[in-house]
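Structure file target.txt; described as compact mmCIF, C-alpha atoms and all ligand atoms.
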# COMPACT_ATOMS: atom_id res chain seq x y z
CA MET A 1 -27.12 0.92 12.10
CA LYS A 2 -23.55 -0.38 12.00
CA THR A 3 -21.40 1.58 9.57
CA LYS A 4 -19.65 -0.42 6.87
CA VAL A 5 -16.42 1.26 5.81
CA TYR A 6 -15.15 0.59 2.32
CA PHE A 7 -12.17 2.89 2.32
CA PRO A 8 -8.85 2.04 0.72
CA GLY A 9 -7.64 1.56 4.29
CA PRO A 10 -8.17 1.26 7.15
CA THR A 11 -9.91 -1.98 6.24
CA ALA A 12 -12.16 -4.26 8.28
CA VAL A 13 -10.40 -6.23 11.01
CA ARG A 14 -11.36 -9.87 11.53
CA GLU A 15 -12.50 -10.97 14.96
CA ASN A 16 -9.52 -13.28 15.57
CA VAL A 17 -7.19 -10.30 14.99
CA ARG A 18 -9.13 -8.10 17.38
CA ASN A 19 -9.14 -10.83 20.02
CA MET A 20 -5.43 -11.41 19.68
CA ARG A 21 -4.76 -7.81 20.62
CA ALA A 22 -6.52 -8.42 23.93
CA VAL A 23 -4.48 -11.38 25.19
CA GLU A 24 -2.35 -10.91 28.27
CA THR A 25 1.26 -9.97 27.49
CA THR A 26 4.63 -10.01 29.17
CA ASN A 27 7.34 -7.36 28.95
CA PRO A 28 8.53 -7.71 25.37
CA ASP A 29 11.96 -6.28 26.25
CA MET A 30 12.66 -9.19 28.58
CA ASP A 31 10.83 -12.07 26.96
CA PRO A 32 12.88 -14.28 24.58
CA ALA A 33 9.59 -15.59 23.15
CA PHE A 34 8.81 -12.08 21.95
CA TYR A 35 12.04 -11.90 19.94
CA ALA A 36 11.25 -15.25 18.35
CA LEU A 37 7.75 -14.04 17.49
CA TYR A 38 9.12 -10.81 16.02
CA GLY A 39 11.73 -12.64 13.95
CA GLN A 40 9.23 -15.13 12.56
CA LEU A 41 6.69 -12.38 11.80
CA GLY A 42 9.37 -10.57 9.80
CA LYS A 43 10.12 -13.76 7.83
CA ASP A 44 6.44 -14.31 7.07
CA ILE A 45 5.88 -10.70 5.96
CA GLY A 46 8.96 -11.26 3.80
CA ARG A 47 7.22 -14.22 2.14
CA ILE A 48 4.29 -11.94 1.29
CA PHE A 49 6.72 -9.30 -0.01
CA GLY A 50 8.63 -11.99 -1.90
CA THR A 51 11.99 -11.49 -0.20
CA ASP A 52 14.25 -13.04 2.41
CA ASP A 53 15.66 -9.63 3.31
CA LYS A 54 15.32 -8.59 6.92
CA VAL A 55 11.90 -7.16 7.75
CA LEU A 56 11.52 -4.63 10.56
CA VAL A 57 8.17 -3.90 12.19
CA LEU A 58 7.92 -0.46 13.77
CA SER A 59 5.31 1.21 15.91
CA GLY A 60 3.74 3.93 13.83
CA GLU A 61 1.38 4.52 10.99
CA GLY A 62 2.49 3.77 7.40
CA ILE A 63 3.94 7.24 7.01
CA LEU A 64 6.58 6.39 9.61
CA GLY A 65 8.02 3.75 7.28
CA LEU A 66 8.32 6.25 4.42
CA GLU A 67 10.00 8.75 6.69
CA ALA A 68 12.32 6.19 8.29
CA ALA A 69 13.53 5.00 4.87
CA CYS A 70 14.31 8.55 3.73
CA ALA A 71 15.80 9.60 7.08
CA SER A 72 18.08 6.55 7.19
CA LEU A 73 19.33 6.85 3.60
CA THR A 74 19.54 10.60 3.02
CA GLU A 75 22.60 12.67 3.73
CA LYS A 76 22.98 16.35 3.09
CA GLY A 77 23.33 17.02 -0.62
CA ASP A 78 22.34 13.50 -1.78
CA ARG A 79 20.52 13.50 -5.09
CA VAL A 80 17.38 11.39 -4.91
CA LEU A 81 15.19 10.47 -7.85
CA VAL A 82 11.52 10.82 -6.95
CA LEU A 83 9.25 9.00 -9.37
CA ASP A 84 5.95 10.78 -9.31
CA ASN A 85 2.59 10.03 -10.81
CA GLY A 86 0.45 10.74 -7.80
CA ILE A 87 0.11 12.41 -4.44
CA PHE A 88 2.16 9.89 -2.44
CA GLY A 89 4.76 9.72 -5.21
CA GLU A 90 5.28 13.45 -5.21
CA GLY A 91 5.17 13.54 -1.42
CA PHE A 92 8.47 11.65 -1.12
CA ALA A 93 10.22 14.85 -2.22
CA ASP A 94 9.24 16.45 1.11
CA PHE A 95 10.87 13.68 3.15
CA VAL A 96 14.02 13.84 1.03
CA ARG A 97 14.23 17.61 1.47
CA MET A 98 13.53 17.44 5.19
CA TYR A 99 16.60 15.24 5.70
CA GLY A 100 18.85 17.46 3.59
CA GLY A 101 18.70 15.65 0.26
CA SER A 102 17.93 17.16 -3.07
CA PRO A 103 14.99 15.53 -4.80
CA VAL A 104 14.83 15.37 -8.58
CA LEU A 105 11.33 14.62 -9.82
CA PHE A 106 10.56 12.38 -12.75
CA SER A 107 6.88 13.08 -13.25
CA GLY A 108 4.60 10.84 -15.23
CA ASP A 109 1.07 11.26 -16.46
CA ARG A 110 -1.27 10.90 -13.49
CA ARG A 111 -3.83 8.82 -15.36
CA ASN A 112 -1.31 6.16 -16.35
CA ALA A 113 1.37 3.96 -14.89
CA ILE A 114 4.91 5.36 -15.11
CA ASP A 115 6.33 4.61 -18.55
CA PRO A 116 9.56 2.59 -18.16
CA GLU A 117 10.75 3.61 -21.63
CA ALA A 118 10.48 7.31 -20.85
CA LEU A 119 12.28 6.63 -17.58
CA GLU A 120 15.03 4.78 -19.43
CA GLU A 121 15.54 7.74 -21.73
CA PHE A 122 15.72 10.03 -18.73
CA LEU A 123 18.23 7.78 -16.95
CA GLU A 124 20.52 7.61 -19.97
CA LYS A 125 21.15 11.32 -19.51
CA ASP A 126 21.04 11.53 -15.72
CA HIS A 127 21.57 8.62 -13.34
CA ASP A 128 23.68 10.03 -10.55
CA PHE A 129 21.25 9.25 -7.73
CA LYS A 130 21.83 7.61 -4.37
CA TYR A 131 18.37 6.13 -4.34
CA ALA A 132 15.00 6.41 -6.01
CA THR A 133 11.53 6.43 -4.50
CA LEU A 134 8.51 4.88 -6.16
CA VAL A 135 4.95 4.24 -5.06
CA HIS A 136 3.56 0.89 -6.16
CA CYS A 137 -0.12 1.81 -5.79
CA ASP A 138 -0.67 5.56 -5.45
CA THR A 139 -3.89 5.27 -3.47
CA PRO A 140 -5.68 8.57 -4.20
CA SER A 141 -5.99 7.52 -7.88
CA GLY A 142 -5.27 3.79 -7.47
CA VAL A 143 -2.59 3.85 -10.17
CA LEU A 144 -0.29 0.81 -10.02
CA ASN A 145 3.27 1.14 -11.29
CA PRO A 146 5.14 -1.78 -12.91
CA LEU A 147 7.81 -2.67 -10.36
CA ASP A 148 9.15 -5.45 -12.57
CA ARG A 149 10.13 -2.97 -15.26
CA ILE A 150 11.09 0.07 -13.20
CA CYS A 151 13.13 -1.34 -10.32
CA PRO A 152 15.51 -3.52 -12.37
CA LEU A 153 16.15 -0.51 -14.61
CA LEU A 154 17.13 1.62 -11.62
CA LYS A 155 19.34 -1.21 -10.33
CA ARG A 156 21.17 -1.28 -13.65
CA TYR A 157 22.35 2.22 -12.85
CA GLY A 158 23.29 1.26 -9.29
CA ILE A 159 20.45 3.28 -7.80
CA LEU A 160 18.94 1.95 -4.55
CA THR A 161 15.16 1.58 -4.68
CA VAL A 162 12.61 2.53 -2.02
CA VAL A 163 9.10 1.32 -2.83
CA ASP A 164 5.95 2.36 -1.00
CA ALA A 165 3.80 -0.76 -1.29
CA VAL A 166 1.54 0.27 1.59
CA SER A 167 -1.75 0.00 -0.27
CA SER A 168 -0.76 -2.77 -2.68
CA SER A 169 1.28 -5.35 -0.76
CA GLY A 170 -0.66 -8.45 0.11
CA GLY A 171 -3.29 -7.80 -2.54
CA GLU A 172 -0.84 -7.26 -5.39
CA PRO A 173 2.42 -9.17 -5.88
CA VAL A 174 5.47 -7.08 -5.03
CA ASP A 175 8.24 -9.66 -5.62
CA ALA A 176 10.72 -7.49 -3.77
CA LYS A 177 13.71 -9.80 -4.31
CA ARG A 178 13.17 -10.56 -7.96
CA ASN A 179 12.48 -6.91 -8.73
CA GLY A 180 15.50 -5.72 -6.76
CA ILE A 181 13.66 -3.57 -4.24
CA ASP A 182 16.00 -2.37 -1.48
CA ILE A 183 13.40 -1.04 0.91
CA CYS A 184 9.82 -2.22 0.54
CA LEU A 185 7.26 -0.51 2.75
CA GLY A 186 3.94 -1.79 4.06
CA ALA A 187 1.47 -0.94 6.81
CA SER A 188 -0.96 -2.85 8.99
CA GLN A 189 -4.22 -1.17 8.03
CA LYS A 190 -4.41 -1.79 4.28
CA ALA A 191 -4.63 -5.25 2.63
CA PHE A 192 -3.11 -6.90 5.72
CA SER A 193 -6.29 -5.91 7.60
CA ALA A 194 -4.85 -5.36 11.04
CA PRO A 195 -5.64 -2.18 12.95
CA VAL A 196 -3.77 1.06 12.17
CA GLY A 197 -0.52 1.47 14.04
CA LEU A 198 2.31 -0.58 12.53
CA THR A 199 4.57 -0.10 9.58
CA PHE A 200 6.88 -2.81 8.26
CA LEU A 201 9.78 -2.66 5.85
CA SER A 202 12.10 -5.11 4.19
CA VAL A 203 15.64 -3.77 3.98
CA SER A 204 18.32 -5.22 1.68
CA GLU A 205 21.94 -5.68 2.69
CA GLY A 206 22.78 -2.99 0.13
CA ALA A 207 20.49 -0.50 1.81
CA PHE A 208 21.86 -1.30 5.28
CA GLU A 209 25.37 -0.90 3.91
CA ALA A 210 24.52 2.52 2.49
CA MET A 211 23.29 3.52 5.96
CA GLU A 212 26.42 2.13 7.65
CA LYS A 213 28.67 4.01 5.20
CA ARG A 214 27.15 7.41 5.91
CA GLU A 215 29.53 10.18 6.87
CA THR A 216 27.00 11.90 9.09
CA SER A 217 24.75 10.18 11.59
CA ILE A 218 21.07 9.61 10.93
CA ALA A 219 19.01 12.60 12.03
CA GLY A 220 16.47 10.91 14.27
CA TYR A 221 16.01 8.20 16.86
CA TYR A 222 12.93 6.21 15.98
CA VAL A 223 13.49 6.72 12.23
CA ASN A 224 17.00 5.25 12.45
CA LEU A 225 16.61 1.81 10.88
CA LEU A 226 20.09 0.74 11.96
CA SER A 227 19.06 0.75 15.59
CA PHE A 228 16.51 -2.00 14.87
CA ARG A 229 18.70 -4.00 12.50
CA HIS A 230 20.06 -6.59 14.93
CA GLY A 231 17.23 -6.48 17.45
CA VAL A 232 16.30 -10.14 17.13
CA GLU A 233 19.88 -11.52 17.20
CA ASN A 234 20.88 -9.31 20.13
CA GLN A 235 17.55 -9.74 21.92
CA TRP A 236 17.45 -6.03 22.41
CA PHE A 237 15.46 -3.21 20.84
CA PRO A 238 16.17 0.38 21.77
CA TYR A 239 12.51 1.09 22.51
CA THR A 240 9.72 -1.03 23.99
CA MET A 241 7.92 -2.84 21.20
CA PRO A 242 4.12 -2.58 20.86
CA VAL A 243 3.50 -6.21 21.68
CA SER A 244 -0.30 -6.17 21.43
CA ASP A 245 -0.24 -4.51 18.01
CA ILE A 246 2.34 -7.05 16.89
CA LEU A 247 0.24 -9.98 18.14
CA GLY A 248 -2.69 -8.62 16.13
CA LEU A 249 -0.56 -8.31 13.01
CA ARG A 250 0.77 -11.84 13.60
CA GLN A 251 -2.81 -13.14 13.45
CA ALA A 252 -3.63 -11.03 10.39
CA VAL A 253 -0.56 -12.43 8.59
CA ASP A 254 -1.61 -15.95 9.63
CA ASN A 255 -5.01 -15.29 8.09
CA ILE A 256 -3.31 -14.48 4.77
CA LEU A 257 -0.94 -17.46 4.95
CA GLU A 258 -3.79 -19.79 5.78
CA GLU A 259 -5.71 -18.67 2.69
CA GLY A 260 -2.47 -18.88 0.70
CA ILE A 261 -0.58 -15.86 -0.64
CA LEU A 262 -1.45 -16.64 -4.26
CA ALA A 263 -5.11 -17.34 -3.48
CA PHE A 264 -5.27 -14.09 -1.54
CA GLN A 265 -3.87 -12.17 -4.53
CA GLU A 266 -6.15 -14.03 -6.92
CA ARG A 267 -9.17 -12.96 -4.86
CA HIS A 268 -8.02 -9.34 -5.25
CA ARG A 269 -7.47 -9.75 -8.97
CA ILE A 270 -10.93 -11.16 -9.60
CA ILE A 271 -12.69 -8.56 -7.48
CA GLY A 272 -10.63 -5.68 -8.87
CA GLU A 273 -11.29 -6.69 -12.46
CA ALA A 274 -14.97 -7.35 -11.88
CA VAL A 275 -15.43 -3.95 -10.21
CA ARG A 276 -13.82 -2.23 -13.19
CA GLN A 277 -15.92 -4.21 -15.67
CA ALA A 278 -19.07 -3.26 -13.76
CA VAL A 279 -18.14 0.42 -13.70
CA LEU A 280 -17.56 0.43 -17.45
CA ALA A 281 -20.73 -1.55 -18.20
CA SER A 282 -22.75 0.91 -16.15
CA GLY A 283 -21.59 3.81 -18.34
CA LEU A 284 -19.61 5.44 -15.53
CA HIS A 285 -15.94 6.16 -16.14
CA LEU A 286 -12.78 4.87 -14.54
CA HIS A 287 -10.43 7.68 -13.62
CA LEU A 288 -7.35 5.89 -14.93
CA GLU A 289 -6.42 4.90 -18.47
CA SER A 290 -3.87 2.26 -17.48
CA GLY A 291 -2.20 0.83 -14.41
CA PHE A 292 -5.16 -0.34 -12.36
CA SER A 293 -4.50 -1.62 -8.87
CA ASN A 294 -6.70 -4.49 -7.76
CA THR A 295 -6.91 -3.01 -4.29
CA VAL A 296 -8.82 0.21 -5.01
CA THR A 297 -10.92 1.66 -7.83
CA ALA A 298 -11.36 5.37 -8.54
CA VAL A 299 -14.61 6.10 -10.36
CA GLU A 300 -15.20 9.44 -12.06
CA ILE A 301 -18.41 11.07 -11.10
CA PRO A 302 -20.11 13.27 -13.74
CA ALA A 303 -19.14 16.95 -13.49
CA GLY A 304 -21.46 19.24 -11.59
CA PHE A 305 -22.43 16.50 -9.19
CA SER A 306 -21.36 16.57 -5.56
CA ILE A 307 -19.54 13.47 -4.42
CA GLU A 308 -19.89 14.61 -0.84
CA SER A 309 -23.67 14.57 -1.03
CA LEU A 310 -23.54 11.09 -2.57
CA ILE A 311 -21.26 9.86 0.20
CA ASP A 312 -23.47 11.53 2.85
CA HIS A 313 -26.57 9.96 1.39
CA MET A 314 -25.14 6.43 1.41
CA HIS A 315 -23.86 6.91 4.93
CA ARG A 316 -27.16 8.23 6.28
CA GLU A 317 -29.49 5.87 4.46
CA LYS A 318 -27.49 2.65 4.31
CA GLY A 319 -24.65 2.97 6.78
CA LEU A 320 -22.08 2.65 4.02
CA LEU A 321 -19.04 4.86 4.07
CA LEU A 322 -17.19 5.22 0.78
CA SER A 323 -14.38 7.63 0.25
CA GLY A 324 -13.83 10.50 -2.12
CA SER A 325 -10.24 11.43 -2.75
CA ILE A 326 -7.76 14.12 -1.84
CA GLY A 327 -5.68 16.87 -3.44
CA TYR A 328 -6.25 17.33 -7.17
CA LEU A 329 -8.80 14.49 -7.11
CA LYS A 330 -11.00 16.01 -4.44
CA ASN A 331 -14.62 15.91 -5.59
CA LYS A 332 -13.53 14.31 -8.88
CA VAL A 333 -13.52 10.64 -8.00
CA LEU A 334 -15.25 8.26 -5.68
CA ARG A 335 -13.05 5.43 -4.42
CA ILE A 336 -14.09 1.91 -3.62
CA GLY A 337 -11.52 0.16 -1.47
CA HIS A 338 -11.52 -3.58 -2.09
CA MET A 339 -8.53 -4.88 -0.22
CA GLY A 340 -7.92 -7.42 2.51
CA GLU A 341 -11.00 -8.25 4.56
CA ASN A 342 -13.04 -5.91 2.35
CA ALA A 343 -12.26 -7.93 -0.79
CA LYS A 344 -15.15 -10.36 -0.45
CA VAL A 345 -17.52 -10.99 -3.33
CA GLU A 346 -20.81 -10.81 -1.41
CA GLU A 347 -19.79 -7.69 0.45
CA VAL A 348 -18.49 -5.84 -2.59
CA ALA A 349 -21.71 -6.79 -4.40
CA SER A 350 -23.78 -5.21 -1.65
CA VAL A 351 -21.61 -2.10 -1.69
CA LEU A 352 -22.17 -1.78 -5.44
CA LYS A 353 -25.92 -2.23 -4.99
CA ILE A 354 -26.05 0.61 -2.49
CA LEU A 355 -23.96 2.76 -4.82
CA GLU A 356 -26.15 2.03 -7.81
CA GLU A 357 -29.31 2.89 -5.85
CA ALA A 358 -27.76 6.10 -4.57
CA LEU A 359 -26.73 7.14 -8.08
CA ALA A 360 -30.28 6.46 -9.24
CA HIS A 361 -31.60 8.55 -6.36
CA PHE A 362 -29.51 11.46 -7.60
CA GLU A 363 -30.64 10.77 -11.17
CA VAL A 364 -27.16 10.06 -12.49
CA PRO A 365 -27.78 8.36 -15.84
CA MET A 366 -26.59 4.74 -15.88
CA GLU A 367 -26.81 2.10 -18.54
CA ALA A 368 -26.72 -1.00 -16.41
CA GLY A 369 -26.60 -2.14 -12.83
CA LEU A 370 -23.24 -2.26 -11.06
CA ARG A 371 -24.02 -5.21 -8.83
CA GLY A 372 -25.29 -7.49 -11.62
CA HIS A 373 -22.32 -6.85 -13.87
CA PHE A 374 -19.93 -7.29 -11.00
CA LEU A 375 -21.35 -10.70 -10.14
CA GLN A 376 -21.34 -11.76 -13.79
CA GLY A 377 -17.71 -10.73 -14.09
CA VAL A 378 -16.75 -12.68 -10.97
CA GLY A 379 -18.67 -15.71 -12.30
CA ARG A 380 -16.83 -15.61 -15.63
CA MET A 381 -13.42 -15.35 -14.03
CA GLU A 382 -14.06 -18.03 -11.42
CA LYS A 383 -15.12 -20.38 -14.22
CA ASP A 384 -11.72 -19.89 -15.87
CA LEU A 385 -9.80 -20.84 -12.76
CA PRO A 386 -7.93 -24.15 -12.98
C1 LIG B 1 -2.17 4.60 3.38
C2 LIG B 1 -0.93 4.91 2.70
C3 LIG B 1 0.19 5.35 3.41
C4 LIG B 1 0.12 5.62 4.87
O1 LIG B 1 -0.40 6.89 5.09
P1 LIG B 1 -1.85 7.34 5.63
O2 LIG B 1 -1.57 8.27 6.73
O3 LIG B 1 -2.61 6.13 6.07
O4 LIG B 1 -2.51 8.03 4.48
C5 LIG B 1 1.36 5.55 2.69
N1 LIG B 1 1.43 5.34 1.37
C6 LIG B 1 0.37 4.92 0.66
C7 LIG B 1 0.50 4.71 -0.82
C8 LIG B 1 -0.84 4.70 1.31
O5 LIG B 1 -1.92 4.28 0.62
Could you take the file, read its structure, and then write that structure out as structure tokens?
Ligand SMILES: *Cc1c(COP(=O)(O)O)cnc(C)c1O
Amino acid sequence: MKTKVYFPGPTAVRENVRNMRAVETTNPDMDPAFYALYGQLGKDIGRIFGTDDKVLVLSGEGILGLEAACASLTEKGDRVLVLDNGIFGEGFADFVRMYGGSPVLFSGDRRNAIDPEALEEFLEKDHDFKYATLVHCDTPSGVLNPLDRICPLLKRYGILTVVDAVSSSGGEPVDAKRNGIDICLGASQKAFSAPVGLTFLSVSEGAFEAMEKRETSIAGYYVNLLSFRHGVENQWFPYTMPVSDILGLRQAVDNILEEGILAFQERHRIIGEAVRQAVLASGLHLHLESGFSNTVTAVEIPAGFSIESLIDHMHREKGLLLSGSIGYLKNKVLRIGHMGENAKVEEVASVLKILEEALAHFEVPMEAGLRGHFLQGVGRMEKDLP
């Protein structure tokens, strides 16, 4: 039985992406065509991010992007505002500390999006920060923070903004330029649906300037964003670029552009909303009260019931792998990832059918079927489309 994985990343990889990673390559260091490919890929990722800022693609998992942003911006003693309403949000404090900065946490309720009004009140009293970090979708709970209200507010105080949009970008609009995001971070294995291994970041002129103006040099080689800044113009990168990974990502980005960025996001919106409607109709509970990302849904499982045994059962009997969560949400929520190649109506419907049968097997009381309500929800929303 082939295992179907419905994690909030890594997501399924389409055949044309897998094939592209197998084509014969040249030496990317020496091949002008590679620099053209890299430059154009950056521009196209920028379109998905909603910015014409320079986009760098680096070899490394999504975490590398987070670390590179903090390493490149942080100098000893810098105060950094860490907006936290989840595990990734809080985690930025570790990167800031590791590079000598002093993180100041602004912690929000973990069941809701960060409240811009509370943040505004906080900033009125204290706004002496070099930059702020914010997670768009904090994946362990799936909470989505309102970039359009938070980032412009930080900008008003002259604070640079670093946004982790790893598990949202593509599926959710980021609008990096309009929102004033200085560094926007993404990764290959979430909604972009390329294999794990690449991180990409848009970097504003303001952020590059802050790096250039440092008094001390950046503590790291591969995490030094300045060393990649002019790679395309100078036809030189300090390290050999992972050409096969980049070709795969190129195809994955083409898949999104071919569908259309707005259509791609609309597909996520419909599926995300319909999944939530189905969960509520079934009598199960959503973990969050507000701020739902359309890329992942965290469902609360009744107390006293083992999520691990539910996940095991679905894996053994149906070859479906769903994910629990981590940290404070371990054994509290079950997560359904519905992003990128996994955000397909028929497939999500079959996932929900397996889940509903497994819940019945464990005698979890339910009021209505997940699959049926999901499909009804999708039908209603598709009818309303222009
Ligand atoms: C996936 C993800 C990352 C990358 O880290 P992993 O090692 O894949 O967990 C970073 N930030 C967010 C919000 C993510 O969802």
Worksheet entry | Selected residue, from A:Gly340, A:Gly46, A:Gly304, A:Pro365, that lies nearest to Ser282 of chain A when counting all atoms listed in the file |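 Using all atoms listed in the file, Ser282 of chain A sits closest to A:Pro365.
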Discussion item. Let me make sure I understand: among A:Glu209, A:Asp164, A:Asp109, A:Asp31, which one has the smallest atom-to-atom distance to ligand LIG 1 (chain B) if we use only C-alpha atoms and all ligand atoms?
Written reply: A:Asp164
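With atom CA of Val135 of chain A on one side and atom CA of Leu154 of chain A on the other, the separation reads 14.1 Å.
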Worksheet item: Quick one: residues within 8 Å of Ser167 of chain A, all atoms listed in the file counted, chain neighbours fewer than 4 positions away excluded, as an NGL selection string?
Response: :A and (8-9 or 136-139 or 186-187 or 190-191 or 295)
Check which residues fall inside 10 Å of ligand LIG 1 (chain B) when counting only C-alpha atoms and all ligand atoms, and print them as a compact mmCIF listing (two decimals) with C-alpha atoms, keeping the file's coordinate frame.
# COMPACT_ATOMS: atom_id res chain seq x y z
CA PRO A 8 -8.85 2.04 0.72
CA GLY A 9 -7.64 1.56 4.29
CA PRO A 10 -8.17 1.26 7.15
CA GLY A 60 3.74 3.93 13.83
CA GLU A 61 1.38 4.52 10.99
CA GLY A 62 2.49 3.77 7.40
CA ILE A 63 3.94 7.24 7.01
CA LEU A 64 6.58 6.39 9.61
CA GLY A 65 8.02 3.75 7.28
CA LEU A 66 8.32 6.25 4.42
CA GLY A 86 0.45 10.74 -7.80
CA ILE A 87 0.11 12.41 -4.44
CA PHE A 88 2.16 9.89 -2.44
CA GLY A 89 4.76 9.72 -5.21
CA GLY A 91 5.17 13.54 -1.42
CA PHE A 92 8.47 11.65 -1.12
CA LEU A 134 8.51 4.88 -6.16
CA VAL A 135 4.95 4.24 -5.06
CA HIS A 136 3.56 0.89 -6.16
CA CYS A 137 -0.12 1.81 -5.79
CA ASP A 138 -0.67 5.56 -5.45
CA THR A 139 -3.89 5.27 -3.47
CA PRO A 140 -5.68 8.57 -4.20
CA SER A 141 -5.99 7.52 -7.88
CA GLY A 142 -5.27 3.79 -7.47
CA VAL A 143 -2.59 3.85 -10.17
CA VAL A 163 9.10 1.32 -2.83
CA ASP A 164 5.95 2.36 -1.00
CA ALA A 165 3.80 -0.76 -1.29
CA VAL A 166 1.54 0.27 1.59
CA SER A 167 -1.75 0.00 -0.27
CA SER A 168 -0.76 -2.77 -2.68
CA LEU A 185 7.26 -0.51 2.75
CA GLY A 186 3.94 -1.79 4.06
CA ALA A 187 1.47 -0.94 6.81
CA SER A 188 -0.96 -2.85 8.99
CA GLN A 189 -4.22 -1.17 8.03
CA LYS A 190 -4.41 -1.79 4.28
CA VAL A 196 -3.77 1.06 12.17
CA GLY A 197 -0.52 1.47 14.04
CA THR A 199 4.57 -0.10 9.58
CA VAL A 296 -8.82 0.21 -5.01
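For the set A:Leu198, A:Val13, A:Met211, A:Ile150, the residue with the smallest atom-to-atom gap to Asp245 of chain A is A:Leu198, counting all atoms listed in the file.
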